[in-house]
file model_30.csv (CSV, C-alpha atoms)
chain,number,residue,atom,x,y,z
A,1,ARG,CA,4.9,-14.3,-14.1
A,2,ARG,CA,7.1,-12.4,-16.6
A,3,TYR,CA,4.1,-11.7,-18.8
A,4,GLN,CA,2.1,-10.1,-15.9
A,5,GLU,CA,5.1,-7.9,-15.1
A,6,GLN,CA,5.4,-6.6,-18.7
A,7,PHE,CA,1.6,-6.1,-18.9
A,8,ASP,CA,1.5,-4.1,-15.7
A,9,TYR,CA,4.4,-1.9,-16.9
A,10,PHE,CA,2.6,-1.4,-20.2
A,11,LEU,CA,-0.5,-0.3,-18.4
A,12,GLU,CA,1.3,2.2,-16.2
A,13,GLY,CA,3.0,3.8,-19.2
A,14,TRP,CA,-0.3,3.8,-21.1
A,15,TYR,CA,-2.1,5.7,-18.2
A,16,LEU,CA,0.8,8.1,-17.9
A,17,LEU,CA,0.4,9.0,-21.6
A,18,GLY,CA,-3.3,9.6,-21.1
A,19,ALA,CA,-2.7,11.8,-18.1
A,20,VAL,CA,-0.1,13.9,-20.0
A,21,LEU,CA,-2.6,14.4,-22.8
A,22,TYR,CA,-5.3,15.5,-20.2
A,23,LEU,CA,-2.8,18.0,-18.8
A,24,TRP,CA,-2.0,19.3,-22.3
A,25,GLY,CA,-5.7,19.7,-23.1
A,26,CYS,CA,-6.4,21.5,-19.8
A,27,LEU,CA,-3.6,24.0,-20.5
A,28,GLU,CA,-5.3,24.7,-23.8
A,29,PHE,CA,-8.6,25.2,-22.1
A,30,CYS,CA,-6.9,27.9,-19.9
A,31,LEU,CA,-6.5,29.9,-23.1
A,32,GLY,CA,-10.3,30.3,-23.4
A,33,GLU,CA,-12.2,29.9,-26.7
A,34,LYS,CA,-9.0,29.9,-28.9
A,35,GLY,CA,-7.7,26.8,-27.2
A,36,LEU,CA,-11.0,24.9,-27.1
A,37,ARG,CA,-10.5,22.9,-30.4
A,38,LEU,CA,-7.0,21.7,-29.6
A,39,GLY,CA,-7.9,21.0,-26.0
A,40,CYS,CA,-10.9,18.9,-27.0
A,41,ARG,CA,-8.7,16.9,-29.4
A,42,ALA,CA,-6.2,16.2,-26.6
A,43,PHE,CA,-9.1,15.2,-24.3
A,44,ASP,CA,-10.5,12.9,-27.0
A,45,VAL,CA,-7.2,11.0,-27.3
A,46,GLY,CA,-6.6,11.0,-23.6
A,47,ALA,CA,-10.1,9.7,-22.8
A,48,ALA,CA,-9.7,7.0,-25.4
A,49,ILE,CA,-6.4,5.9,-23.8
A,50,PHE,CA,-7.9,5.8,-20.3
A,51,MET,CA,-11.0,3.9,-21.6
A,52,LEU,CA,-8.8,1.3,-23.4
A,53,GLY,CA,-6.5,1.0,-20.3
A,54,ALA,CA,-9.5,0.5,-18.0
A,55,SER,CA,-10.9,-2.2,-20.4
A,56,LEU,CA,-7.6,-4.1,-20.3
A,57,SER,CA,-7.4,-3.7,-16.5
A,58,MET,CA,-10.9,-5.0,-16.0
A,59,ALA,CA,-10.3,-8.0,-18.3
A,60,ASP,CA,-7.0,-8.7,-16.5
A,61,ALA,CA,-8.8,-8.6,-13.1
A,62,ILE,CA,-11.5,-11.0,-14.4
A,63,VAL,CA,-9.0,-13.5,-15.6
A,64,ARG,CA,-6.4,-13.1,-12.8
A,65,THR,CA,-8.2,-12.4,-9.5
A,66,PRO,CA,-10.2,-15.7,-9.2
A,67,SER,CA,-7.1,-17.8,-9.7
A,68,ASP,CA,-5.3,-15.8,-7.0
A,69,GLU,CA,-8.0,-16.2,-4.4
A,70,PRO,CA,-7.8,-18.7,-1.6
A,71,SER,CA,-9.9,-21.8,-2.0
A,72,GLU,CA,-12.2,-20.9,1.0
A,73,ALA,CA,-13.1,-17.6,-0.7
A,74,LYS,CA,-13.9,-19.4,-3.9
A,75,LYS,CA,-16.3,-21.8,-2.1
A,76,LYS,CA,-18.1,-18.9,-0.4
A,77,ARG,CA,-18.6,-17.0,-3.7
A,78,LYS,CA,-21.8,-17.9,-5.6
A,79,MET,CA,-21.3,-19.6,-9.0
A,80,CYS,CA,-23.2,-17.0,-10.9
A,81,CYS,CA,-20.9,-14.2,-9.7
A,82,LYS,CA,-17.6,-16.0,-9.0
A,83,TRP,CA,-15.7,-13.6,-11.2
A,84,TRP,CA,-17.3,-10.4,-9.6
A,85,THR,CA,-14.6,-9.6,-7.1
A,86,SER,CA,-14.0,-6.3,-5.4
A,87,GLU,CA,-11.1,-5.6,-7.8
A,88,VAL,CA,-13.3,-6.3,-10.8
A,89,ARG,CA,-16.0,-4.0,-9.3
A,90,ASP,CA,-13.5,-1.2,-9.0
A,91,GLN,CA,-12.2,-1.7,-12.5
A,92,PHE,CA,-15.8,-1.7,-13.8
A,93,PHE,CA,-16.4,1.7,-12.4
A,94,TYR,CA,-13.1,3.0,-13.8
A,95,TRP,CA,-14.1,1.6,-17.2
A,96,ALA,CA,-17.7,3.0,-17.1
A,97,GLY,CA,-16.4,6.4,-16.0
A,98,SER,CA,-13.8,6.4,-18.8
A,99,LEU,CA,-16.4,5.4,-21.4
A,100,LEU,CA,-18.9,8.1,-20.4
A,101,PHE,CA,-16.1,10.7,-20.2
A,102,LEU,CA,-14.9,9.7,-23.7
A,103,VAL,CA,-18.4,9.9,-25.3
A,104,GLY,CA,-18.9,13.3,-23.6
A,105,CYS,CA,-15.5,14.6,-25.0
A,106,LEU,CA,-16.4,13.4,-28.5
A,107,ILE,CA,-19.7,15.2,-28.4
A,108,TRP,CA,-18.0,18.3,-27.1
A,109,ASP,CA,-15.4,18.3,-29.9
A,110,PRO,CA,-16.3,21.3,-32.1
A,111,ASP,CA,-15.4,19.3,-35.3
A,112,LEU,CA,-17.4,16.3,-34.3
A,113,PHE,CA,-20.4,18.1,-32.7
A,114,PRO,CA,-22.2,18.8,-36.0
A,115,HIS,CA,-22.3,15.1,-36.8
A,116,PHE,CA,-24.0,14.4,-33.4
A,117,VAL,CA,-26.6,17.2,-34.0
A,118,ALA,CA,-27.3,15.6,-37.4
A,119,LEU,CA,-28.5,12.5,-35.6
A,120,GLY,CA,-31.4,14.5,-34.2
A,121,GLY,CA,-32.1,16.8,-31.3
A,122,THR,CA,-31.1,20.4,-30.6
A,123,GLU,CA,-27.6,21.8,-30.2
A,124,LEU,CA,-28.4,22.8,-26.6
A,125,GLY,CA,-29.6,19.3,-25.8
A,126,TRP,CA,-26.5,17.7,-27.1
A,127,LEU,CA,-24.2,20.1,-25.2
A,128,TRP,CA,-26.1,19.4,-22.0
A,129,PHE,CA,-25.9,15.6,-22.7
A,130,ALA,CA,-22.1,16.0,-23.2
A,131,ALA,CA,-21.7,18.0,-20.0
A,132,VAL,CA,-23.7,15.4,-17.9
A,133,LEU,CA,-21.7,12.5,-19.4
A,134,ILE,CA,-18.4,14.2,-18.5
A,135,MET,CA,-19.5,15.0,-15.0
A,136,VAL,CA,-21.0,11.5,-14.3
A,137,GLY,CA,-17.9,9.9,-15.8
A,138,SER,CA,-15.6,11.9,-13.6
A,139,PHE,CA,-17.9,11.0,-10.6
A,140,PHE,CA,-17.5,7.3,-11.5
A,141,TYR,CA,-13.8,7.7,-11.4
A,142,THR,CA,-14.0,9.3,-8.0
A,143,LEU,CA,-16.3,6.5,-6.8
A,144,ALA,CA,-14.0,3.8,-8.1
A,145,SER,CA,-11.1,5.4,-6.3
A,146,PHE,CA,-13.1,5.6,-3.1
A,147,LEU,CA,-14.0,1.9,-3.3
A,148,THR,CA,-10.4,1.0,-4.0
A,149,ALA,CA,-9.4,3.0,-0.9
A,150,LEU,CA,-11.7,0.9,1.2
A,151,ALA,CA,-9.4,-2.1,0.5
A,152,ILE,CA,-6.1,-0.4,1.3
A,153,HIS,CA,-5.9,-2.4,4.5
A,154,LYS,CA,-5.2,-5.5,2.3
A,155,GLU,CA,-2.1,-3.8,0.9
A,156,HIS,CA,1.3,-4.7,2.2
A,157,GLU,CA,2.6,-2.4,4.9
A,158,LEU,CA,5.4,-1.2,2.5
A,159,PHE,CA,2.8,0.1,0.0
A,160,LYS,CA,-0.1,1.4,2.1
A,161,VAL,CA,1.1,5.0,2.0
A,162,ARG,CA,1.6,4.9,-1.8
A,163,ALA,CA,-1.8,3.3,-2.3
A,164,THR,CA,-3.4,6.1,-0.2
A,165,ILE,CA,-1.6,8.7,-2.3
A,166,ILE,CA,-2.8,7.1,-5.5
A,167,THR,CA,-6.5,6.8,-4.6
A,168,THR,CA,-6.5,10.3,-3.1
A,169,CYS,CA,-5.1,11.8,-6.3
A,170,PHE,CA,-7.7,10.0,-8.4
A,171,GLU,CA,-10.5,11.1,-6.1
A,172,PHE,CA,-9.5,14.7,-6.2
A,173,GLY,CA,-8.8,14.6,-9.9
A,174,GLY,CA,-12.4,13.5,-10.6
A,175,GLY,CA,-13.7,16.1,-8.2
A,176,PHE,CA,-11.8,18.9,-9.9
A,177,PHE,CA,-12.9,17.7,-13.4
A,178,ILE,CA,-16.5,17.9,-12.2
A,179,ALA,CA,-16.0,21.4,-10.9
A,180,GLY,CA,-14.1,22.4,-14.1
A,181,THR,CA,-17.1,21.3,-16.3
A,182,VAL,CA,-19.5,23.8,-14.5
A,183,PRO,CA,-18.4,26.9,-16.4
A,184,TYR,CA,-18.9,25.1,-19.7
A,185,ILE,CA,-22.5,24.1,-19.0
A,186,PRO,CA,-24.5,25.4,-22.0
A,187,GLY,CA,-27.2,28.0,-21.8
A,188,TYR,CA,-25.5,30.3,-19.2
A,189,ASP,CA,-23.2,32.2,-21.5
A,190,CYS,CA,-20.3,32.3,-19.0
A,191,SER,CA,-17.7,35.0,-19.4
A,192,GLU,CA,-14.3,34.3,-20.9
A,193,SER,CA,-12.6,34.7,-17.5
A,194,PHE,CA,-15.0,32.1,-16.0
A,195,LEU,CA,-14.1,29.7,-18.8
A,196,VAL,CA,-10.4,30.2,-18.1
A,197,PHE,CA,-11.2,29.5,-14.4
A,198,GLY,CA,-12.8,26.2,-15.5
A,199,GLY,CA,-9.7,25.4,-17.5
A,200,LEU,CA,-7.6,26.1,-14.3
A,201,LEU,CA,-9.8,23.7,-12.3
A,202,TYR,CA,-9.3,21.1,-15.1
A,203,THR,CA,-5.6,21.6,-14.9
A,204,ILE,CA,-5.5,21.0,-11.2
A,205,GLY,CA,-7.5,17.8,-11.7
A,206,ALA,CA,-5.2,16.7,-14.5
A,207,LEU,CA,-2.2,17.3,-12.2
A,208,PHE,CA,-3.8,15.1,-9.6
A,209,TYR,CA,-4.4,12.4,-12.2
A,210,LEU,CA,-0.8,12.7,-13.4
A,211,THR,CA,0.6,12.5,-9.8
A,212,GLY,CA,-1.6,9.5,-9.2
A,213,CYS,CA,-0.3,7.8,-12.3
A,214,ILE,CA,3.3,8.5,-11.4
A,215,ALA,CA,2.8,7.2,-7.9
A,216,SER,CA,1.2,4.1,-9.3
A,217,THR,CA,4.1,3.5,-11.7
A,218,LEU,CA,6.6,3.9,-8.8
A,219,LYS,CA,4.5,1.5,-6.7
A,220,THR,CA,4.5,-1.1,-9.5
A,221,ILE,CA,8.3,-0.8,-10.0
A,222,ALA,CA,8.9,-1.2,-6.3
A,223,ARG,CA,6.5,-4.2,-6.0
A,224,TYR,CA,8.2,-6.1,-8.8
A,225,ARG,CA,11.7,-5.2,-7.5
A,226,ILE,CA,10.8,-6.7,-4.1
A,227,ALA,CA,9.1,-9.7,-5.8
A,228,ARG,CA,12.2,-10.4,-7.8
A,229,GLU,CA,14.3,-10.5,-4.6
A,230,HIS,CA,11.8,-13.0,-3.1
A,231,TRP,CA,11.9,-15.1,-6.2
A,232,LYS,CA,15.7,-15.2,-6.1
A,233,SER,CA,15.7,-16.2,-2.5
A,234,ALA,CA,13.1,-18.9,-3.1
A,235,GLU,CA,15.2,-20.3,-6.1
A,236,ALA,CA,18.3,-20.2,-3.9
A,237,ILE,CA,16.6,-22.2,-1.1
A,238,GLN,CA,15.2,-24.6,-3.7
A,239,HIS,CA,18.6,-25.1,-5.2
A,240,MET,CA,20.2,-25.7,-1.8
A,241,TRP,CA,17.4,-28.2,-1.0
A,242,LYS,CA,18.1,-30.1,-4.2
A,243,CYS,CA,21.8,-30.2,-3.5
A,244,ARG,CA,21.2,-31.5,0.0
A,245,ARG,CA,18.9,-34.2,-1.3
A,246,THR,CA,21.4,-35.2,-4.0
A,247,GLY,CA,24.3,-35.3,-1.5
A,248,SER,CA,22.4,-37.5,0.9

call {"tool": "encode", "arguments": {"input": "model_30.csv", "output": "structure tokens"}}
result
Amino acid sequence: RRYQEQFDYFLEGWYLLGAVLYLWGCLEFCLGEKGLRLGCRAFDVGAAIFMLGASLSMADAIVRTPSDEPSEAKKKRKMCCKWWTSEVRDQFFYWAGSLLFLVGCLIWDPDLFPHFVALGGTELGWLWFAAVLIMVGSFFYTLASFLTALAIHKEHELFKVRATIITTCFEFGGGFFIAGTVPYIPGYDCSESFLVFGGLLYTIGALFYLTGCIASTLKTIARYRIAREHWKSAEAIQHMWKCRRTGS
């Protein structure tokens, strides 16, 4: 129980760090071409953080969710996919989106780009590939948030509003990241002002991501605070029951 709490707090802090790096990179993109290198570097690290966090979340969901399910639900689930729960499905899309976004960011990095071109293909082709990966990865994040929102009715009444805020922020964050990529699509020679506009859209998306991460952190803190109160009450009742049995 204590391990799960520490693990969840670690993940929340890990995602917050990634969201801050995204926001930093977006602000660099708002500077236009002169901020592109540093912005890409911040996005590389931020995307790696989100991908690793999504990997840990998916692994945790695979290990934890089946053990938390009621026995009736386990019997209905087919043996071949007994671990494929709705939570694992959502975390898979988060992970896939993070991985695609990370690869796209690495290709787009001006210092790493020549190494990808050296593998074969044209510069324009690699730039298109990177843009598609970033947009598809952002779409997967939006899709995962939408799928998570479909299960909000399972949340406790105390956390439904916060859960709605979290999923909405991640949905809009992915949408703005898709829109922000459009000015950087290669072959159109967009003006400097349009690139700055793309950076602004990225910034709005990063603010949505950061807000969602903050809301998720507050939700986790509140959930464990309430859980600790329940655990204390259960321990007190158990102690009273033992004392009564001993007295009798």

call {"tool": "residues_around", "arguments": {"input": "model_30.csv", "residues": "stretch 199-214 of chain A", "least_positions_apart": "3", "cutoff": "6 Å", "atoms": "all atoms listed in the file", "output": "PDB file with C-alpha atoms, in the frame of the given file"}}
result
ATOM      1  CA  LEU A  16       0.800   8.100 -17.900  1.00  0.00           C
ATOM      2  CA  ALA A  19      -2.700  11.800 -18.100  1.00  0.00           C
ATOM      3  CA  TYR A  22      -5.300  15.500 -20.200  1.00  0.00           C
ATOM      4  CA  LEU A  23      -2.800  18.000 -18.800  1.00  0.00           C
ATOM      5  CA  CYS A  26      -6.400  21.500 -19.800  1.00  0.00           C
ATOM      6  CA  PHE A  29      -8.600  25.200 -22.100  1.00  0.00           C
ATOM      7  CA  CYS A  30      -6.900  27.900 -19.900  1.00  0.00           C
ATOM      8  CA  ILE A 166      -2.800   7.100  -5.500  1.00  0.00           C
ATOM      9  CA  CYS A 169      -5.100  11.800  -6.300  1.00  0.00           C
ATOM     10  CA  PHE A 170      -7.700  10.000  -8.400  1.00  0.00           C
ATOM     11  CA  GLY A 173      -8.800  14.600  -9.900  1.00  0.00           C
ATOM     12  CA  PHE A 176     -11.800  18.900  -9.900  1.00  0.00           C
ATOM     13  CA  PHE A 177     -12.900  17.700 -13.400  1.00  0.00           C
ATOM     14  CA  GLY A 180     -14.100  22.400 -14.100  1.00  0.00           C
ATOM     15  CA  VAL A 196     -10.400  30.200 -18.100  1.00  0.00           C
ATOM     16  CA  THR A 217       4.100   3.500 -11.700  1.00  0.00           C
TER      17      THR A 217
END

call {"tool": "atom_distance", "arguments": {"input": "model_30.csv", "atom1": "atom CA of A:Phe197", "atom2": "atom CA of A:Leu143"}}
result
24.8 Å

call {"tool": "residues_around", "arguments": {"input": "model_30.csv", "residues": "A:Leu106", "least_positions_apart": "6", "cutoff": "9 Å", "atoms": "only C-alpha atoms", "output": "PyMOL selection string"}}
result
chain A and resi 40-41+43-44+112-113+130

call {"tool": "closest_residue", "arguments": {"input": "model_30.csv", "among": "A:Ser193, A:Ser145, A:Ala47, A:Ala61", "to": "A:Leu100", "atoms": "only C-alpha atoms"}}
result
A:Ala47

call {"tool": "atom_distance", "arguments": {"input": "model_30.csv", "atom1": "atom CA of A:Ile134", "atom2": "atom CA of A:Val103"}}
result
8.0 Å

call {"tool": "atom_distance", "arguments": {"input": "model_30.csv", "atom1": "atom CA of A:Met58", "atom2": "atom CA of A:Phe140"}}
result
14.7 Å

call {"tool": "closest_residue", "arguments": {"input": "model_30.csv", "among": "A:Ala131, A:Ile107, A:Ala149, A:Ser55", "to": "A:Val161", "atoms": "all atoms listed in the file"}}
result
A:Ala149

call {"tool": "residues_near_point", "arguments": {"input": "model_30.csv", "point": "(-28.8, 17.0, -25.0)", "cutoff": "12 Å", "atoms": "all atoms listed in the file", "output": "VMD selection string"}}
result
chain A and resid 104 107 to 108 113 116 to 117 119 to 133 185 to 187

call {"tool": "closest_residue", "arguments": {"input": "model_30.csv", "among": "A:Leu27, A:Leu99, A:Leu195, A:Ile152", "to": "A:Pro183", "atoms": "all atoms listed in the file"}}
result
A:Leu195

call {"tool": "closest_residue", "arguments": {"input": "model_30.csv", "among": "A:Phe101, A:Ser57, A:Tyr94, A:Pro114", "to": "A:Phe146", "atoms": "only C-alpha atoms"}}
result
A:Tyr94

call {"tool": "closest_residue", "arguments": {"input": "model_30.csv", "among": "A:Ile221, A:Leu31, A:Val88, A:Val45", "to": "A:Asp60", "atoms": "all atoms listed in the file"}}
result
A:Val88

call {"tool": "closest_residue", "arguments": {"input": "model_30.csv", "among": "A:Ala163, A:Ile178, A:Ala144, A:Leu21", "to": "A:Gln91", "atoms": "only C-alpha atoms"}}
result
A:Ala144
